[in-house]
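Right, one structure below, let's go through it.
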Amino acid sequence: YGWRFFGGSGGRELPLLLGLFLTVWAFLYVPLWPSLLAGYTDLASLIPMLVALGLALSTNIAERPERRRLILLGLSLYLCFLLRRWFIFAAGSFYLTYAIISLGSLDRSDWSTGLKNIVKNLLTAGLTNLVLMMIFQFPVFRGMIFNKYSDQYAAFQTPLSDSLGLIYSATGPVILILAVVSPLMAFIRRRQVAANIFAVRCPVIYFAAFTRIQGLGMHHTLPVTLFVWLLAFGGLISLYQALPKT
């Protein structure tokens with residue numbers, strides 16, 4: 001994903017040395033380990049989240065209806081919720097970001113058709129989510145509608161600075177710097193711009209929505225650190241490509 005969507009060069013193959021380094025980095029990435037060692041299922045939710053991200057970044061939903069791909073996208077985001085219900089914030093942020101990015105890519109000459117396609121595609125994915133929730137998790141779904149989670153989780157509320165500090169401590173300055181390099185290089189080179197905007201906007205929306213209810217725990221940082229990680233991959237790849245060939 002880092003090579004294909006965030007920093008790669010068209011159809012060129014990933015250099016072997018760079019690929020090996022990114023693979024090792026993936027297994028050693030610090031934010032993934034606390035949830036894994038604690039036995040949480042939160043980490044497993046990142047697998048369908050990555051599948052949904054790949055589908056989203058490789059599908060222009062403004063061009064035409066993509067029912068099969070959007071049904072798979074809806075299924076993937078539902079699996080995130082199935083494993084951990086708080087991932088509903090990540091799924092909602094994902095849909096909102098996808099809609100904004102797609103609206104920004106509309107062709108002005110055929111704006112109305114593109115808008116209709118976006119609505120149809122997002123409805124396909126959203127209804128897939130809703131139907132699966134109604135079938136398999138109706139009690140949970142009903143509780144989410146009628147219970148005020150802001151009251152139930154008031155004891156877990158913390159200052160925004162604490163939640164931001166937790167993200168910073170999970171990632172560190174080097175990775176954050178690389179994550180900033182990726183969108184900057186994307187705008188300069190005019191490549192992978194949409195993917196970088198997606199990876200910046202989605203965690204920001206997630207963070208704003210989630211911290212309205214409660215402060216972040218270490219496992220709650222995963223939807224943020226996932227995108228930071230991918231952006232850092234993109235930043236590293238961009239710097240790698242900027243070096244002389246020798």
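Quick note on naming: the chains in the structure tokens go A, B, ... in the order shown, residues restart at 1 in each chain, and ligands are numbered from 1 in order of appearance.
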
| query | What lies within 10 Å of Leu73 of chain A using only C-alpha atoms, ignoring chain neighbours under 6 positions off, as a ChimeraX atom specification? | reply | /A:48-49,51-56,67,79,122,124-126,128-129

| message | Which residues are close to Leu50 of chain A, i.e. within 12 Å by only C-alpha atoms, leaving aside same-chain residues fewer than 3 positions away? Reply as a list in words. | response | Tyr1, Gly2, Leu43, Ala44, Ser45, Leu46, Ile47, Leu53, Gly54, Leu55, Ala56, Leu57, Leu73, Ser76, Leu77, Leu79, Cys80, Ala90, Ala91, Phe94, Ala199, Pro223, Leu226, Phe227 and Leu230 of chain A

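The space between atom CA of Pro183 of chain A and atom CA of Leu14 of chain A spans 19.6 Å.
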
| Surrounding residues of Val193 of chain A excluding itself and chain neighbours under 5 positions, 12 Å, only C-alpha atoms, as a list in words | Phe5, Phe6, Gly7, Gly8, Leu57, Ile101, Gly104, Ser105, Ser182, Pro183, Leu184, Met185, Ala186, Phe187, Ile188, Phe198, Ala199, Val200, Leu231 and Gly234 of chain A

| said: When you look at Gly143 of chain A with a cut-off of 12 Å (counting only C-alpha atoms), what residues show up, excluding the ones that are within fewer than 3 positions of it in the same chain? I need them as a list in words. | reply: Arg85, Met133, Met134, Gln137, Phe138, Pro139, Val140, Phe146, Asn147, Lys148, Tyr149 and Gln152 of chain A

Export of prior selection with C-alpha atoms as an mmCIF file, in the first residue's frame:
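Full text of selection11.cif as output:
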```cif
data_model
loop_
_atom_site.group_PDB
_atom_site.id
_atom_site.type_symbol
_atom_site.label_atom_id
_atom_site.label_comp_id
_atom_site.auth_asym_id
_atom_site.auth_seq_id
_atom_site.Cartn_x
_atom_site.Cartn_y
_atom_site.Cartn_z
ATOM 1 C CA ARG A 85 -17.628 -1.883 18.298
ATOM 2 C CA MET A 133 -25.449 -5.063 11.793
ATOM 3 C CA MET A 134 -29.224 -5.615 11.930
ATOM 4 C CA GLN A 137 -25.726 -7.505 16.109
ATOM 5 C CA PHE A 138 -29.187 -6.034 16.529
ATOM 6 C CA PRO A 139 -28.963 -5.691 20.355
ATOM 7 C CA VAL A 140 -25.686 -3.776 20.006
ATOM 8 C CA PHE A 146 -30.927 4.591 22.473
ATOM 9 C CA ASN A 147 -27.993 4.851 24.900
ATOM 10 C CA LYS A 148 -26.128 8.099 25.402
ATOM 11 C CA TYR A 149 -22.533 6.965 25.183
ATOM 12 C CA GLN A 152 -21.782 6.323 29.935
#
```

| request: From the DSSP assignment of the backbone, select every residue of segment 7-80 of chain A that is helix (DSSP H, G or I), and format the answer as a PyMOL selection string. | output: chain A and resi 7+16-28+30-38+42-57+67-80

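Using only C-alpha atoms, the nearest neighbour of Val30 of chain A within the list A:Ile71, A:Ile167, A:Cys202, A:Ile237 is A:Ile167.
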